[in-house]
Amino acid sequence: MKHLYTWTAILLVTATSVVGDILIARAMKQVGDFHYLWRREGVWTIIARVLGNRNFFLGVGAMTLAFFSLLFALSWGDVSLVAPAASSLTFIGTAFAAKIFLHEKVDRRRWIAALLVAAGVALLAG
């Protein structure tokens with residue numbers, strides 16, 4: 001049963017991390033180029049735009065859930081399983097989500113890396 005709890009928590013860490021990453025990336029694209037804004041309008045404009053962006057706060061909320069899910073996973077499983085599995089699955093999930101939701105171009109090398117990471121997770125699970 002402990003094994004099931006560990007993997008459920010790992011999957012929750014993964015899902016909430018991916019959602020958080022995508023929402024924060026979307027928010028930063030909406031805010032704009034920090035360097036340009038800093039030079040043209042100053043740091044307070046950047047802060048105001050970030051804090052005025054709903055996606056930023058939703059992303060931070062998702063990342064907070066990911067953190068607490070990680071705590072649960074670590075309370076049930078070994079760090080040598082939880083940390084690599086959660087980060088690996090997050091890498092794979094983020095590549096898919098970036099392609100689908102942010103319309104990013106994910107090149108062949110990244111897909112190959114994702115497949116190799118998936119193989120590593122399968123070895124960890126087995």
# chains A, B, ... in the order shown; residues from 1 in each chain; ligands from 1
$ residues_around --residues "Phe72 in chain A" --least-positions-apart "6" --cutoff "9 Å" --atoms "only C-alpha atoms" --output "PDB file with N, CA, C and O atoms, in the first residue's frame"
ATOM      1  N   TYR A   5       0.853   4.684  -2.462  1.00  0.00           N
ATOM      2  CA  TYR A   5       0.842   6.063  -1.971  1.00  0.00           C
ATOM      3  C   TYR A   5       2.017   6.851  -2.544  1.00  0.00           C
ATOM      4  O   TYR A   5       1.865   8.001  -2.957  1.00  0.00           O
ATOM      5  N   THR A   6       3.185   6.228  -2.553  1.00  0.00           N
ATOM      6  CA  THR A   6       4.388   6.901  -3.062  1.00  0.00           C
ATOM      7  C   THR A   6       4.204   7.288  -4.522  1.00  0.00           C
ATOM      8  O   THR A   6       4.456   8.433  -4.904  1.00  0.00           O
ATOM      9  N   ALA A   9       1.621  10.042  -5.042  1.00  0.00           N
ATOM     10  CA  ALA A   9       2.188  11.347  -4.689  1.00  0.00           C
ATOM     11  C   ALA A   9       3.166  11.818  -5.759  1.00  0.00           C
ATOM     12  O   ALA A   9       3.189  13.010  -6.102  1.00  0.00           O
ATOM     13  N   ILE A  10       3.976  10.916  -6.311  1.00  0.00           N
ATOM     14  CA  ILE A  10       4.910  11.279  -7.385  1.00  0.00           C
ATOM     15  C   ILE A  10       4.135  11.803  -8.596  1.00  0.00           C
ATOM     16  O   ILE A  10       4.511  12.812  -9.206  1.00  0.00           O
TER      17      ILE A  10
END
$ residues_around --residues "Lys99 in chain A" --least-positions-apart "6" --cutoff "12 Å" --atoms "only C-alpha atoms" --output "PyMOL selection string"
chain A and resi 22+92-93+105-107+110-111
$ write_last_selection --atoms "N, CA, C and O atoms" --output "PDB file, in the first residue's frame"
ATOM      1  N   ILE A  22       3.871  25.582 -16.791  1.00  0.00           N
ATOM      2  CA  ILE A  22       3.202  26.114 -17.974  1.00  0.00           C
ATOM      3  C   ILE A  22       2.519  27.446 -17.663  1.00  0.00           C
ATOM      4  O   ILE A  22       2.608  28.400 -18.437  1.00  0.00           O
ATOM      5  N   ILE A  92       9.300  15.151 -18.791  1.00  0.00           N
ATOM      6  CA  ILE A  92       8.519  14.593 -19.900  1.00  0.00           C
ATOM      7  C   ILE A  92       7.197  15.353 -20.044  1.00  0.00           C
ATOM      8  O   ILE A  92       6.810  15.758 -21.141  1.00  0.00           O
ATOM      9  N   GLY A  93       6.514  15.531 -18.930  1.00  0.00           N
ATOM     10  CA  GLY A  93       5.218  16.217 -18.964  1.00  0.00           C
ATOM     11  C   GLY A  93       5.329  17.647 -19.448  1.00  0.00           C
ATOM     12  O   GLY A  93       4.473  18.135 -20.197  1.00  0.00           O
ATOM     13  N   LYS A 105       8.209  24.761 -30.159  1.00  0.00           N
ATOM     14  CA  LYS A 105       8.806  23.743 -31.016  1.00  0.00           C
ATOM     15  C   LYS A 105       9.732  22.900 -30.153  1.00  0.00           C
ATOM     16  O   LYS A 105      10.720  23.399 -29.617  1.00  0.00           O
ATOM     17  N   VAL A 106       9.391  21.638 -30.008  1.00  0.00           N
ATOM     18  CA  VAL A 106      10.219  20.717 -29.238  1.00  0.00           C
ATOM     19  C   VAL A 106      10.953  19.858 -30.263  1.00  0.00           C
ATOM     20  O   VAL A 106      10.334  19.080 -30.991  1.00  0.00           O
ATOM     21  N   ASP A 107      12.270  20.031 -30.327  1.00  0.00           N
ATOM     22  CA  ASP A 107      13.027  19.350 -31.368  1.00  0.00           C
ATOM     23  C   ASP A 107      13.232  17.858 -31.049  1.00  0.00           C
ATOM     24  O   ASP A 107      12.913  17.377 -29.971  1.00  0.00           O
ATOM     25  N   ARG A 110      15.121  16.700 -27.866  1.00  0.00           N
ATOM     26  CA  ARG A 110      14.354  16.737 -26.614  1.00  0.00           C
ATOM     27  C   ARG A 110      13.413  15.547 -26.505  1.00  0.00           C
ATOM     28  O   ARG A 110      13.206  15.012 -25.427  1.00  0.00           O
ATOM     29  N   TRP A 111      12.804  15.135 -27.644  1.00  0.00           N
ATOM     30  CA  TRP A 111      11.926  13.955 -27.598  1.00  0.00           C
ATOM     31  C   TRP A 111      12.740  12.697 -27.302  1.00  0.00           C
ATOM     32  O   TRP A 111      12.289  11.832 -26.547  1.00  0.00           O
TER      33      TRP A 111
END
$ residues_around --residues "Ser17 in chain A" --least-positions-apart "6" --cutoff "9 Å" --atoms "only C-alpha atoms" --output "NGL selection string"
:A and (59 or 62-67 or 90 or 93-94)
$ closest_residue --among "A:Leu4, A:Ser87, A:Arg108, A:Leu58" --to "Leu70 in chain A" --atoms "only C-alpha atoms"
A:Ser87
$ residues_around --residues "range 28-44 of chain A" --least-positions-apart "6" --cutoff "9 Å" --atoms "only C-alpha atoms" --output "list in words"
Val50, Asn53, Asn55 and Phe56 of chain A
$ atom_distance --atom1 "CA of Val13 in chain A" --atom2 "CA of Ile112 in chain A"
23.0 Å
